[in-house]
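Undergrad: Next comes run08.txt, compact mmCIF, C-alpha atoms and all ligand atoms:
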```txt
# COMPACT_ATOMS: atom_id res chain seq x y z
CA MET A 1 0.00 0.00 0.00
CA ILE A 2 1.23 3.43 -0.94
CA SER A 3 0.59 5.90 1.76
CA LYS A 4 -1.24 9.17 1.16
CA ASN A 5 1.92 10.98 2.03
CA VAL A 6 3.87 9.41 -0.81
CA ILE A 7 1.16 10.25 -3.32
CA LYS A 8 1.15 13.81 -2.11
CA LYS A 9 4.89 14.00 -2.48
CA ILE A 10 4.81 12.65 -6.03
CA ALA A 11 2.06 15.08 -6.96
CA HIS A 12 4.13 17.95 -5.66
CA TRP A 13 7.13 16.86 -7.66
CA ILE A 14 5.13 16.60 -10.85
CA LEU A 15 3.61 19.99 -10.30
CA LEU A 16 6.97 21.52 -9.57
CA SER A 17 8.57 20.10 -12.68
CA LEU A 18 5.69 21.30 -14.83
CA ILE A 19 6.09 24.78 -13.44
CA ILE A 20 9.79 24.66 -14.20
CA ILE A 21 9.07 23.53 -17.77
CA PHE A 22 6.53 26.31 -18.16
CA ILE A 23 9.05 28.88 -17.01
CA ALA A 24 11.79 27.38 -19.14
CA ILE A 25 9.77 27.52 -22.36
CA GLN A 26 9.26 31.26 -21.83
CA PHE A 27 12.87 31.72 -22.86
CA ILE A 28 12.40 30.05 -26.23
CA ARG A 29 11.06 33.02 -28.16
CA PRO A 30 9.51 32.54 -31.58
CA ASP A 31 10.13 34.69 -34.60
CA ARG A 32 8.15 37.94 -34.29
CA SER A 33 9.32 39.70 -37.39
CA ASN A 34 6.17 39.69 -39.53
CA ILE A 35 5.88 43.48 -39.41
CA SER A 36 6.84 45.09 -42.69
CA GLY A 37 5.19 48.37 -41.72
CA GLN A 38 4.15 49.12 -45.28
CA THR A 39 1.30 48.41 -47.64
CA LEU A 40 2.47 47.01 -50.94
CA GLN A 41 0.95 47.94 -54.29
CA THR A 42 -0.04 44.27 -54.58
CA ASP A 43 -2.18 44.43 -51.43
CA ILE A 44 -5.70 43.11 -52.03
CA SER A 45 -7.07 46.53 -51.01
CA LYS A 46 -5.13 48.11 -53.88
CA THR A 47 -5.88 45.36 -56.37
CA PHE A 48 -9.65 45.60 -55.92
CA ASN A 49 -12.12 48.14 -54.63
CA ILE A 50 -12.96 47.25 -51.08
CA PRO A 51 -15.27 49.35 -48.91
CA ASP A 52 -13.86 50.42 -45.54
CA SER A 53 -16.31 48.30 -43.58
CA GLU A 54 -15.27 45.10 -45.34
CA PHE A 55 -11.63 46.04 -45.28
CA SER A 56 -11.57 46.66 -41.56
CA ILE A 57 -13.08 43.22 -40.89
CA LEU A 58 -10.51 41.63 -43.15
CA LYS A 59 -7.69 43.54 -41.49
CA ASN A 60 -8.82 42.71 -37.98
CA ALA A 61 -9.65 39.07 -38.44
CA CYS A 62 -7.34 37.89 -41.22
CA TYR A 63 -4.30 40.12 -41.68
CA ASP A 64 -2.47 38.84 -38.62
CA CYS A 65 -1.84 35.52 -40.37
CA HIS A 66 -2.46 36.40 -44.00
CA SER A 67 -0.37 39.50 -44.62
CA ASN A 68 3.11 40.91 -44.10
CA ASN A 69 1.89 42.85 -41.10
CA THR A 70 0.95 41.04 -37.91
CA ASN A 71 -0.46 43.01 -35.04
CA TYR A 72 1.12 40.94 -32.27
CA PRO A 73 -1.20 40.84 -29.24
CA TRP A 74 0.32 41.19 -25.74
CA TYR A 75 -0.45 37.57 -24.83
CA SER A 76 1.64 36.33 -27.70
CA ASN A 77 4.56 37.09 -25.41
CA ILE A 78 3.49 34.08 -23.35
CA GLN A 79 4.63 30.72 -24.63
CA PRO A 80 3.39 28.58 -26.17
CA VAL A 81 0.84 31.13 -27.48
CA GLY A 82 3.63 32.98 -29.30
CA TRP A 83 4.83 29.75 -30.89
CA LEU A 84 1.35 28.89 -32.04
CA LEU A 85 0.87 32.31 -33.58
CA ALA A 86 4.22 32.08 -35.38
CA GLN A 87 3.13 28.73 -36.77
CA ASP A 88 -0.26 30.11 -37.84
CA ILE A 89 1.42 33.03 -39.61
CA LYS A 90 3.78 30.71 -41.45
CA ASN A 91 0.98 28.40 -42.59
CA GLY A 92 -1.44 31.24 -43.26
CA LYS A 93 0.90 33.20 -45.50
CA ALA A 94 1.81 30.07 -47.41
CA GLN A 95 -1.86 29.67 -48.35
CA ILE A 96 -2.89 33.27 -48.85
CA ASN A 97 -0.96 36.48 -48.42
CA PHE A 98 -3.28 39.47 -48.84
CA SER A 99 -0.27 41.79 -49.04
CA GLU A 100 0.81 40.10 -52.25
CA PHE A 101 -2.56 39.12 -53.68
CA GLY A 102 -2.14 41.33 -56.73
CA SER A 103 0.93 39.44 -57.89
CA LEU A 104 -1.04 36.23 -58.43
CA SER A 105 -2.28 35.30 -61.89
CA ARG A 106 -5.95 35.93 -62.67
CA ARG A 107 -6.60 32.21 -62.52
CA ARG A 108 -5.07 31.96 -59.06
CA GLN A 109 -6.91 35.04 -57.83
CA ILE A 110 -10.21 33.54 -58.92
CA SER A 111 -9.62 30.24 -57.18
CA LYS A 112 -8.27 31.91 -54.06
CA LEU A 113 -11.30 34.22 -53.87
CA ARG A 114 -13.55 31.22 -54.29
CA GLY A 115 -11.67 29.25 -51.66
CA ILE A 116 -11.85 32.10 -49.15
CA GLU A 117 -15.57 32.55 -49.73
CA ASN A 118 -16.18 28.84 -49.17
CA GLN A 119 -14.07 28.68 -46.05
CA ILE A 120 -15.75 31.63 -44.40
CA LYS A 121 -19.10 30.10 -45.32
CA ASP A 122 -18.37 26.68 -43.87
CA GLY A 123 -16.64 28.13 -40.82
CA THR A 124 -13.23 26.55 -41.38
CA MET A 125 -11.69 30.03 -41.61
CA PRO A 126 -10.71 31.68 -39.37
CA LEU A 127 -9.52 28.40 -37.86
CA PRO A 128 -11.72 27.25 -34.95
CA ALA A 129 -8.72 26.76 -32.65
CA TYR A 130 -7.41 30.17 -33.61
CA ARG A 131 -10.76 31.79 -32.88
CA LEU A 132 -10.61 30.44 -29.33
CA LEU A 133 -7.36 32.23 -28.64
CA HIS A 134 -7.92 35.38 -30.64
CA LYS A 135 -11.15 37.27 -30.05
CA GLN A 136 -10.73 39.60 -33.02
CA ALA A 137 -11.03 36.62 -35.35
CA GLN A 138 -14.52 35.75 -34.12
CA LEU A 139 -16.82 37.04 -36.81
CA THR A 140 -20.50 37.80 -36.37
CA THR A 141 -22.98 36.45 -38.90
CA GLU A 142 -23.33 39.96 -40.28
CA GLN A 143 -19.58 40.37 -40.71
CA LYS A 144 -19.31 37.01 -42.41
CA LYS A 145 -22.09 37.96 -44.81
CA LEU A 146 -20.31 41.19 -45.75
CA LEU A 147 -17.06 39.39 -46.45
CA ILE A 148 -18.68 36.51 -48.35
CA ASN A 149 -20.57 38.91 -50.58
CA TRP A 150 -17.53 41.02 -51.24
CA PHE A 151 -15.39 38.02 -52.14
CA ARG A 152 -18.09 36.67 -54.43
CA GLU A 153 -18.69 39.98 -56.21
CA THR A 154 -14.99 40.52 -56.65
CA ARG A 155 -14.56 37.06 -58.11
CA ASP A 156 -17.46 37.57 -60.49
CA SER A 157 -16.04 40.89 -61.63
CA ILE A 158 -12.75 39.36 -62.69
CA SER A 159 -14.26 36.14 -64.07
CA LEU A 160 -16.26 38.08 -66.64
CA ASN A 161 -13.40 39.98 -68.23
CA LYS A 162 -11.08 37.00 -68.10
CA MET B 1 -3.34 25.94 -7.43
CA LYS B 2 -5.66 23.79 -9.50
CA ASN B 3 -5.91 26.57 -12.09
CA ILE B 4 -2.19 26.93 -12.48
CA PHE B 5 -1.90 23.20 -12.89
CA ALA B 6 -4.55 23.14 -15.62
CA LEU B 7 -2.83 26.03 -17.38
CA ILE B 8 0.48 24.24 -17.39
CA VAL B 9 -0.98 21.00 -18.68
CA LEU B 10 -2.67 22.99 -21.44
CA ALA B 11 0.62 24.67 -22.25
CA LEU B 12 2.31 21.30 -22.61
CA ILE B 13 -0.44 19.99 -24.88
CA PHE B 14 -0.01 23.05 -27.08
CA THR B 15 3.72 22.54 -27.17
CA VAL B 16 3.37 18.96 -28.32
CA SER B 17 0.77 19.88 -30.94
CA VAL B 18 2.97 22.64 -32.35
CA ALA B 19 5.82 20.20 -32.68
CA ALA B 20 3.52 17.69 -34.37
CA GLN B 21 2.25 20.31 -36.80
CA ASP B 22 5.78 21.24 -37.68
CA SER B 23 6.69 17.73 -38.67
CA SER B 24 3.53 17.26 -40.71
CA ASP B 25 4.49 20.34 -42.72
CA HIS B 26 7.19 18.40 -44.38
CA LYS B 27 5.09 15.50 -45.51
CA HIS B 28 4.39 17.10 -48.86
CA MET B 29 8.03 17.77 -49.51
CA ASP B 30 9.19 14.32 -50.45
CA MET B 31 8.48 14.16 -54.09
CA LYS B 32 8.87 10.88 -55.77
CA ASN B 33 11.62 10.86 -58.30
CA THR B 34 10.16 8.25 -60.53
CA HIS B 35 11.49 8.11 -64.01
CA HIS B 36 8.94 6.49 -66.10
CA ASP B 37 9.62 4.84 -69.35
CA MET B 38 7.80 6.45 -72.18
CA LYS B 39 6.91 4.11 -74.94
CA SER B 40 7.80 5.69 -78.21
CA MET B 41 4.55 6.99 -79.50
CA ASP B 42 3.43 7.70 -82.97
CA LYS B 43 2.44 11.28 -83.40
CA THR B 44 -1.28 11.47 -83.79
CA GLN B 45 -2.91 13.93 -86.11
CA GLN B 46 -3.79 16.04 -83.13
CA GLU B 47 -0.23 16.36 -81.94
CA ILE B 48 0.92 17.41 -85.36
CA THR B 49 -1.67 20.16 -85.72
CA ARG B 50 -1.13 21.37 -82.17
CA ASN B 51 2.62 20.91 -82.39
CA ILE B 52 2.92 19.06 -79.11
CA ASP B 53 5.96 17.03 -78.24
CA PRO B 54 5.04 13.32 -77.82
CA LYS B 55 6.54 13.32 -74.32
CA THR B 56 4.34 16.24 -73.35
CA ALA B 57 1.31 14.54 -74.86
CA ALA B 58 2.03 11.40 -72.84
CA SER B 59 2.33 13.39 -69.62
CA ILE B 60 -0.89 15.29 -70.28
CA LYS B 61 -2.62 12.00 -70.99
CA GLU B 62 -1.47 10.73 -67.63
CA ILE B 63 -2.76 13.85 -65.86
CA VAL B 64 -6.10 13.49 -67.64
CA GLY B 65 -6.20 9.80 -66.68
CA TYR B 66 -5.95 10.60 -62.98
CA TYR B 67 -8.39 13.47 -63.38
CA LEU B 68 -10.94 11.05 -64.82
CA GLN B 69 -10.20 8.67 -61.96
CA LEU B 70 -10.92 11.51 -59.55
CA LYS B 71 -14.12 12.34 -61.41
CA ASP B 72 -15.29 8.71 -61.12
CA ALA B 73 -14.51 8.62 -57.41
CA LEU B 74 -16.69 11.70 -56.89
CA VAL B 75 -19.45 10.23 -59.05
CA ASN B 76 -19.42 7.19 -56.77
CA ASP B 77 -19.29 9.31 -53.59
CA LYS B 78 -15.92 7.78 -52.69
CA SER B 79 -14.02 10.46 -50.84
CA LYS B 80 -10.96 8.35 -50.06
CA ASP B 81 -10.48 7.30 -53.66
CA ALA B 82 -10.87 10.92 -54.67
CA ALA B 83 -8.11 11.91 -52.26
CA ALA B 84 -5.82 9.22 -53.64
CA ALA B 85 -6.46 10.38 -57.22
CA GLY B 86 -5.80 13.97 -56.15
CA LYS B 87 -2.34 12.98 -54.96
CA GLU B 88 -1.66 11.15 -58.21
CA ILE B 89 -2.59 14.28 -60.13
CA ILE B 90 0.07 16.27 -58.29
CA ASP B 91 2.69 13.63 -59.10
CA ALA B 92 1.60 13.53 -62.73
CA PHE B 93 1.99 17.31 -63.05
CA GLU B 94 5.43 17.15 -61.51
CA LYS B 95 6.51 14.49 -63.98
CA LEU B 96 5.83 16.65 -67.02
CA ASP B 97 9.13 17.89 -68.39
CA LYS B 98 8.75 21.59 -69.16
CA ASN B 99 11.80 21.54 -71.44
CA PHE B 100 9.64 20.15 -74.21
CA LEU B 101 7.23 23.07 -74.12
CA SER B 102 7.39 26.05 -76.42
CA PRO B 103 7.51 29.44 -74.64
CA GLU B 104 3.80 30.07 -75.25
CA GLN B 105 2.87 26.58 -74.14
CA LYS B 106 4.99 27.01 -71.06
CA GLU B 107 3.25 30.20 -70.05
CA LEU B 108 -0.17 28.59 -70.02
CA TYR B 109 1.09 25.33 -68.58
CA VAL B 110 2.88 26.91 -65.63
CA GLU B 111 -0.18 28.95 -64.73
CA VAL B 112 -2.51 25.97 -64.95
CA GLU B 113 -0.10 23.70 -63.12
CA GLU B 114 0.26 26.02 -60.18
CA ASP B 115 -3.47 26.30 -59.68
CA ALA B 116 -4.33 22.70 -60.47
CA LYS B 117 -1.72 21.33 -58.10
CA GLU B 118 -3.12 23.39 -55.27
CA MET B 119 -6.65 22.19 -55.99
CA ALA B 120 -5.41 18.60 -56.19
CA GLU B 121 -3.57 19.04 -52.92
CA HIS B 122 -6.72 20.16 -51.14
CA ILE B 123 -8.61 17.23 -52.63
CA GLY B 124 -5.83 14.90 -51.48
CA ASP B 125 -5.86 16.34 -47.96
CA ASN B 126 -9.61 16.20 -47.48
CA ALA B 127 -10.48 12.52 -47.51
CA GLY B 128 -13.78 12.30 -45.61
CA ASN B 129 -14.96 15.76 -46.64
CA ILE B 130 -16.35 15.09 -50.09
CA GLU B 131 -18.23 18.39 -50.38
CA HIS B 132 -15.00 20.27 -49.90
CA GLN B 133 -13.28 18.03 -52.43
CA ARG B 134 -16.05 18.84 -54.90
CA GLU B 135 -15.54 22.56 -54.47
CA HIS B 136 -11.93 22.15 -55.47
CA PHE B 137 -12.86 19.75 -58.25
CA ASP B 138 -14.92 22.56 -59.77
CA MET B 139 -11.85 24.79 -60.07
CA LEU B 140 -9.61 21.91 -61.04
CA SER B 141 -11.96 21.05 -63.90
CA ALA B 142 -11.65 24.56 -65.29
CA ASP B 143 -7.87 24.19 -65.19
CA ILE B 144 -7.86 20.77 -66.86
CA TYR B 145 -10.25 22.07 -69.51
CA ASP B 146 -7.81 24.86 -70.42
CA LEU B 147 -5.01 22.33 -70.44
CA VAL B 148 -6.68 19.89 -72.84
CA LYS B 149 -7.85 22.73 -75.08
CA GLU B 150 -4.21 23.63 -75.54
CA PHE B 151 -2.53 20.23 -75.46
CA GLY B 152 -5.26 17.73 -76.24
CA GLY B 153 -6.32 15.06 -73.77
CA GLY B 154 -4.93 12.05 -75.59
CA GLN B 155 -8.50 10.88 -76.08
CA THR B 156 -11.87 12.32 -76.96
CA LEU B 157 -13.30 14.20 -74.01
CA TYR B 158 -16.65 15.83 -73.38
CA LYS B 159 -17.17 19.05 -71.53
CA ILE B 160 -20.32 18.67 -69.48
CA TYR B 161 -22.14 21.51 -67.79
CA CYS B 162 -24.16 21.32 -64.60
CA SER B 163 -26.21 24.47 -64.02
CA MET B 164 -27.13 23.62 -60.43
CA TYR B 165 -23.74 23.51 -58.77
CA ASN B 166 -22.09 26.39 -56.97
CA ASP B 167 -25.26 28.25 -55.96
CA LYS B 168 -26.68 27.79 -59.44
CA LYS B 169 -23.73 29.57 -60.98
CA GLY B 170 -22.93 26.33 -62.74
CA ALA B 171 -19.83 24.21 -63.09
CA ILE B 172 -18.26 22.03 -65.74
CA TRP B 173 -16.44 18.74 -65.73
CA LEU B 174 -14.72 16.59 -68.30
CA SER B 175 -15.70 13.06 -69.12
CA GLU B 176 -14.53 10.34 -71.48
CA SER B 177 -18.16 9.51 -72.17
CA LYS B 178 -21.30 11.36 -73.23
CA THR B 179 -23.31 9.48 -70.63
CA ILE B 180 -23.95 11.89 -67.79
CA LYS B 181 -22.82 10.90 -64.34
CA ASN B 182 -22.54 13.96 -62.19
CA PRO B 183 -19.45 14.17 -59.97
CA TYR B 184 -20.76 17.20 -58.06
CA TYR B 185 -23.78 15.44 -56.62
CA GLY B 186 -23.03 11.73 -56.95
CA LYS B 187 -26.00 9.53 -56.15
CA LYS B 188 -28.16 12.51 -55.22
CA MET B 189 -28.47 13.88 -58.73
CA LEU B 190 -26.52 11.59 -60.98
CA THR B 191 -27.95 12.60 -64.33
CA CYS B 192 -27.91 16.37 -63.98
CA GLY B 193 -25.88 17.93 -66.76
CA THR B 194 -25.65 18.63 -70.49
CA VAL B 195 -22.88 17.94 -72.96
CA GLU B 196 -21.53 21.27 -74.20
CA GLU B 197 -18.52 20.39 -76.24
CA GLU B 198 -16.54 17.56 -77.70
CA ILE B 199 -12.80 17.95 -77.39
CA LYS B 200 -10.72 15.82 -79.72
CU CU A 301 -9.42 23.20 -49.43
```
Output the structure of this file as structure tokens.
Ligand SMILES: [Cu+2]
TA:
Amino acid sequence: MISKNVIKKIAHWILLSLIIIFIAIQFIRPDRSNISGQTLQTDISKTFNIPDSEFSILKNACYDCHSNNTNYPWYSNIQPVGWLLAQDIKNGKAQINFSEFGSLSRRRQISKLRGIENQIKDGTMPLPAYRLLHKQAQLTTEQKKLLINWFRETRDSISLNK
Amino acid sequence: MKNIFALIVLALIFTVSVAAQDSSDHKHMDMKNTHHDMKSMDKTQQEITRNIDPKTAASIKEIVGYYLQLKDALVNDKSKDAAAAGKEIIDAFEKLDKNFLSPEQKELYVEVEEDAKEMAEHIGDNAGNIEHQREHFDMLSADIYDLVKEFGGGQTLYKIYCSMYNDKKGAIWLSESKTIKNPYYGKKMLTCGTVEEEIK
């Protein structure tokens, strides 16, 4: 029989080591350099006409991972949140970079616009796990509607004069 | 105390999942370096008029073959088979040797390839989510259509139009047969569609 005392001791040791690990990982800082500080000519807002209301939603909810300018929140200084964000930025920009949208071919723009529209519609973007951590990426039904319509209209406008 | 403990455990779970994500990033990187023997082919009439190198024609035929396989998988509501065909499409695109393309051919090919490979990748990564695969199949079909218009498909193909799909905006697909079997709806609406064009 293991006495209650021993169990207590083990529990304390586990807890202590976890705390030490938590503190230790704070020193492993991820890359935080996704701040170009400028808006390129190829930015989606310069490639197409986008009303301010739609653009501000896009900027708030999407630009942190899908542009060259991340607005790093304070809590991204805490690990592993910072690591996760760095990972999301890397993956996000690989899929779609709104700062460089204008440099894509027409064909690619059309399929990207379509893909974005679909993903907002089916709720896979912004990523559910990301939405839990980052409040600004939680879109209301109204905001989603605005974005979906804008993406669809924009796609239609370039599909016609293809 | 309990709260701190929970926070730390959560932190560790995150850490592990980040590490796992990192390693899965590389899974697409290992491209197969398969050299495949091309049987010497007689130039068909089509290749002569279009001025397509036989090696290019063979590669396009392979791409179209896997595309049709993907189409059949979607017709039969088989998401896993669709994913497998999607991966084959990527490989088939990578096998095409661009050195045999003329500058104008290359321009179109590179553009189509880039888009089609991304669509195929999403189809390959979404086994179990057939509706999502179908969305990408829509765009992939437009790419493959442009490809076979330029290079020929190595066989007679039919462009079939379904006016229902994509919020009634319509979508096309390519088939080796005039018989309509709709890949966008599968069993639900198998015979929806009209033949629009025959591509030789
Ligand atoms: Cu996808």
Undergrad: Kindly work out which residues sit at most 9 Å from ligand CU 301 (chain A), using only C-alpha atoms and all ligand atoms, and give the list as a PDB file with C-alpha atoms, in the coordinates of the input.
TA:
```pdb
ATOM      1  CA  GLY A 115     -11.670  29.250 -51.660  1.00  0.00           C
ATOM      2  CA  ASN A 118     -16.180  28.840 -49.170  1.00  0.00           C
ATOM      3  CA  GLN A 119     -14.070  28.680 -46.050  1.00  0.00           C
TER       4      GLN A 119
ATOM      5  CA  GLU B 118      -3.120  23.390 -55.270  1.00  0.00           C
ATOM      6  CA  MET B 119      -6.650  22.190 -55.990  1.00  0.00           C
ATOM      7  CA  GLU B 121      -3.570  19.040 -52.920  1.00  0.00           C
ATOM      8  CA  HIS B 122      -6.720  20.160 -51.140  1.00  0.00           C
ATOM      9  CA  ILE B 123      -8.610  17.230 -52.630  1.00  0.00           C
ATOM     10  CA  ASP B 125      -5.860  16.340 -47.960  1.00  0.00           C
ATOM     11  CA  ASN B 126      -9.610  16.200 -47.480  1.00  0.00           C
ATOM     12  CA  HIS B 132     -15.000  20.270 -49.900  1.00  0.00           C
ATOM     13  CA  GLN B 133     -13.280  18.030 -52.430  1.00  0.00           C
ATOM     14  CA  GLU B 135     -15.540  22.560 -54.470  1.00  0.00           C
ATOM     15  CA  HIS B 136     -11.930  22.150 -55.470  1.00  0.00           C
TER      16      HIS B 136
END
```
Undergrad: Show me a table, sorted first by chain and then by increasing residue number, of the residues of chain A having an atom at most 12 Å from chain B, each with its shortest atom pair and the distance in Å to one decimal, counting all atoms listed in the file and written as CSV.
TA:
```
residue,atom,partner,partner_atom,distance
A:Ala11,CA,B:Phe5,CA,10.8
A:His12,CA,B:Phe5,CA,10.8
A:Ile14,CA,B:Phe5,CA,9.9
A:Leu15,CA,B:Phe5,CA,6.9
A:Leu16,CA,B:Phe5,CA,9.6
A:Ser17,CA,B:Ile8,CA,10.2
A:Leu18,CA,B:Ile8,CA,6.5
A:Ile19,CA,B:Ile8,CA,6.9
A:Ile20,CA,B:Ile8,CA,9.9
A:Ile21,CA,B:Leu12,CA,8.6
A:Phe22,CA,B:Ile8,CA,6.4
A:Ile23,CA,B:Ile8,CA,9.8
A:Ala24,CA,B:Leu12,CA,11.8
A:Ile25,CA,B:Thr15,CA,9.2
A:Gln26,CA,B:Ala11,CA,10.9
A:Ile28,CA,B:Thr15,CA,11.5
A:Pro30,CA,B:Val18,CA,11.9
A:Ile78,CA,B:Ala11,CA,9.9
A:Gln79,CA,B:Ala11,CA,7.6
A:Pro80,CA,B:Thr15,CA,6.1
A:Val81,CA,B:Phe14,CA,8.1
A:Gly82,CA,B:Thr15,CA,10.7
A:Trp83,CA,B:Val18,CA,7.5
A:Leu84,CA,B:Val18,CA,6.5
A:Leu85,CA,B:Val18,CA,10.0
A:Ala86,CA,B:Val18,CA,10.0
A:Gln87,CA,B:Val18,CA,7.5
A:Asp88,CA,B:Val18,CA,9.8
A:Lys90,CA,B:Asp22,CA,10.4
A:Asn91,CA,B:Asp25,CA,8.8
A:Ala94,CA,B:Asp25,CA,11.1
A:Gln95,CA,B:Glu118,CA,9.4
A:Ile96,CA,B:Glu118,CA,11.8
A:Leu104,CA,B:Glu111,CA,9.7
A:Ser105,CA,B:Glu111,CA,7.3
A:Arg106,CA,B:Glu111,CA,9.3
A:Arg107,CA,B:Asp115,CA,7.3
A:Arg108,CA,B:Asp115,CA,5.9
A:Gln109,CA,B:Asp115,CA,9.6
A:Ile110,CA,B:Met139,CA,9.0
A:Ser111,CA,B:Met139,CA,6.6
A:Lys112,CA,B:Asp115,CA,9.3
A:Leu113,CA,B:Met139,CA,11.3
A:Arg114,CA,B:Met139,CA,8.8
A:Gly115,CA,B:His136,CA,8.1
A:Ile116,CA,B:Glu135,CA,11.5
A:Glu117,CA,B:Glu135,CA,11.1
A:Asn118,CA,B:Glu135,CA,8.2
A:Gln119,CA,B:His132,CA,9.3
A:Lys121,CA,B:His132,CA,11.6
A:Asp122,CA,B:His132,CA,9.4
A:Thr124,CA,B:His132,CA,10.7
A:Ala129,CA,B:Phe14,CA,11.0
A:Leu133,CA,B:Phe14,CA,11.9
A:Arg152,CA,B:Asp167,CA,11.2
A:Asp156,CA,B:Lys169,CA,10.2
A:Ser159,CA,B:Lys169,CA,11.9
```
Undergrad: Contacts of Leu174 of chain B at 12 Å or less, counting only C-alpha atoms, minus same-chain residues fewer than 5 places along, as a PDB file with C-alpha atoms, keeping the file's coordinate frame?
TA:
```
ATOM      1  CA  VAL B  64      -6.100  13.490 -67.640  1.00  0.00           C
ATOM      2  CA  GLY B  65      -6.200   9.800 -66.680  1.00  0.00           C
ATOM      3  CA  TYR B  66      -5.950  10.600 -62.980  1.00  0.00           C
ATOM      4  CA  TYR B  67      -8.390  13.470 -63.380  1.00  0.00           C
ATOM      5  CA  LEU B  68     -10.940  11.050 -64.820  1.00  0.00           C
ATOM      6  CA  GLN B  69     -10.200   8.670 -61.960  1.00  0.00           C
ATOM      7  CA  LEU B  70     -10.920  11.510 -59.550  1.00  0.00           C
ATOM      8  CA  LYS B  71     -14.120  12.340 -61.410  1.00  0.00           C
ATOM      9  CA  ASP B  72     -15.290   8.710 -61.120  1.00  0.00           C
ATOM     10  CA  PHE B 137     -12.860  19.750 -58.250  1.00  0.00           C
ATOM     11  CA  ASP B 138     -14.920  22.560 -59.770  1.00  0.00           C
ATOM     12  CA  MET B 139     -11.850  24.790 -60.070  1.00  0.00           C
ATOM     13  CA  LEU B 140      -9.610  21.910 -61.040  1.00  0.00           C
ATOM     14  CA  SER B 141     -11.960  21.050 -63.900  1.00  0.00           C
ATOM     15  CA  ALA B 142     -11.650  24.560 -65.290  1.00  0.00           C
ATOM     16  CA  ASP B 143      -7.870  24.190 -65.190  1.00  0.00           C
ATOM     17  CA  ILE B 144      -7.860  20.770 -66.860  1.00  0.00           C
ATOM     18  CA  TYR B 145     -10.250  22.070 -69.510  1.00  0.00           C
ATOM     19  CA  ASP B 146      -7.810  24.860 -70.420  1.00  0.00           C
ATOM     20  CA  LEU B 147      -5.010  22.330 -70.440  1.00  0.00           C
ATOM     21  CA  VAL B 148      -6.680  19.890 -72.840  1.00  0.00           C
ATOM     22  CA  LYS B 149      -7.850  22.730 -75.080  1.00  0.00           C
ATOM     23  CA  GLY B 153      -6.320  15.060 -73.770  1.00  0.00           C
ATOM     24  CA  GLN B 155      -8.500  10.880 -76.080  1.00  0.00           C
ATOM     25  CA  THR B 156     -11.870  12.320 -76.960  1.00  0.00           C
ATOM     26  CA  LEU B 157     -13.300  14.200 -74.010  1.00  0.00           C
ATOM     27  CA  TYR B 158     -16.650  15.830 -73.380  1.00  0.00           C
ATOM     28  CA  LYS B 159     -17.170  19.050 -71.530  1.00  0.00           C
ATOM     29  CA  ILE B 160     -20.320  18.670 -69.480  1.00  0.00           C
ATOM     30  CA  TYR B 161     -22.140  21.510 -67.790  1.00  0.00           C
ATOM     31  CA  CYS B 162     -24.160  21.320 -64.600  1.00  0.00           C
ATOM     32  CA  THR B 179     -23.310   9.480 -70.630  1.00  0.00           C
ATOM     33  CA  ILE B 180     -23.950  11.890 -67.790  1.00  0.00           C
ATOM     34  CA  LYS B 181     -22.820  10.900 -64.340  1.00  0.00           C
ATOM     35  CA  ASN B 182     -22.540  13.960 -62.190  1.00  0.00           C
ATOM     36  CA  PRO B 183     -19.450  14.170 -59.970  1.00  0.00           C
ATOM     37  CA  TYR B 184     -20.760  17.200 -58.060  1.00  0.00           C
ATOM     38  CA  GLY B 193     -25.880  17.930 -66.760  1.00  0.00           C
ATOM     39  CA  THR B 194     -25.650  18.630 -70.490  1.00  0.00           C
ATOM     40  CA  VAL B 195     -22.880  17.940 -72.960  1.00  0.00           C
ATOM     41  CA  GLU B 196     -21.530  21.270 -74.200  1.00  0.00           C
ATOM     42  CA  GLU B 197     -18.520  20.390 -76.240  1.00  0.00           C
ATOM     43  CA  GLU B 198     -16.540  17.560 -77.700  1.00  0.00           C
ATOM     44  CA  ILE B 199     -12.800  17.950 -77.390  1.00  0.00           C
TER      45      ILE B 199
END
```
Undergrad: Atom CA of Lys95 of chain B and atom CA of Thr56 of chain B, how far apart in Å?
TA: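 Atom-to-atom, atom CA of Thr56 of chain B and atom CA of Lys95 of chain B are spaced 9.8 Å apart.
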Undergrad: With distances taken over all atoms listed in the file, which of A:Thr42, A:Ser33, A:Asn49, A:Ser67 is nearest to Phe151 of chain A?
TA: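 Smallest separation from Phe151 of chain A among the options: A:Asn49.
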Undergrad: Leaving out Ile50 of chain A and any residue of its chain fewer than 2 positions from it, which residues lie within 12 Å of it when counting all atoms listed in the file, given as a list in words?
TA: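 The residues that qualify are Asp43, Ile44, Ser45, Lys46, Thr47, Phe48, Asp52, Ser53, Glu54, Phe55, Ser56, Ile57, Leu58, Lys59, Leu146, Leu147, Asn149, Trp150, Phe151, Glu153 and Thr154 of chain A.
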Undergrad: What is the distance, in Å and to one decimal place, between atom CA of Lys178 of chain B and atom CA of Leu190 of chain B?
TA: 13.3 Å
Undergrad: Identify the residues within 12 Å of coordinate (-4.2, 38.6, -26.8) (same frame as the file), considering all atoms listed in the file, and give the answer as a ChimeraX atom specification.
TA: /A:64,71-78,81-82,85,130-137
Undergrad: What gap, in Å, lies between atom CA of Tyr63 of chain A and atom CA of Glu113 of chain B?
TA: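 If I compute the distance from atom CA of Tyr63 of chain A to atom CA of Glu113 of chain B, I get 27.3 Å.
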Undergrad: Give the answer as one residue: which of A:Arg29, A:Phe98, A:His66, A:Gln38 has the shortest atom-to-atom distance to Met125 of chain A, using only C-alpha atoms?
TA: A:His66
Undergrad: Which residue is closest to Leu101 of chain B? Choose from B:Gly128, B:Asn51, B:Lys117, B:Gly86 and count all atoms listed in the file.
TA: B:Asn51
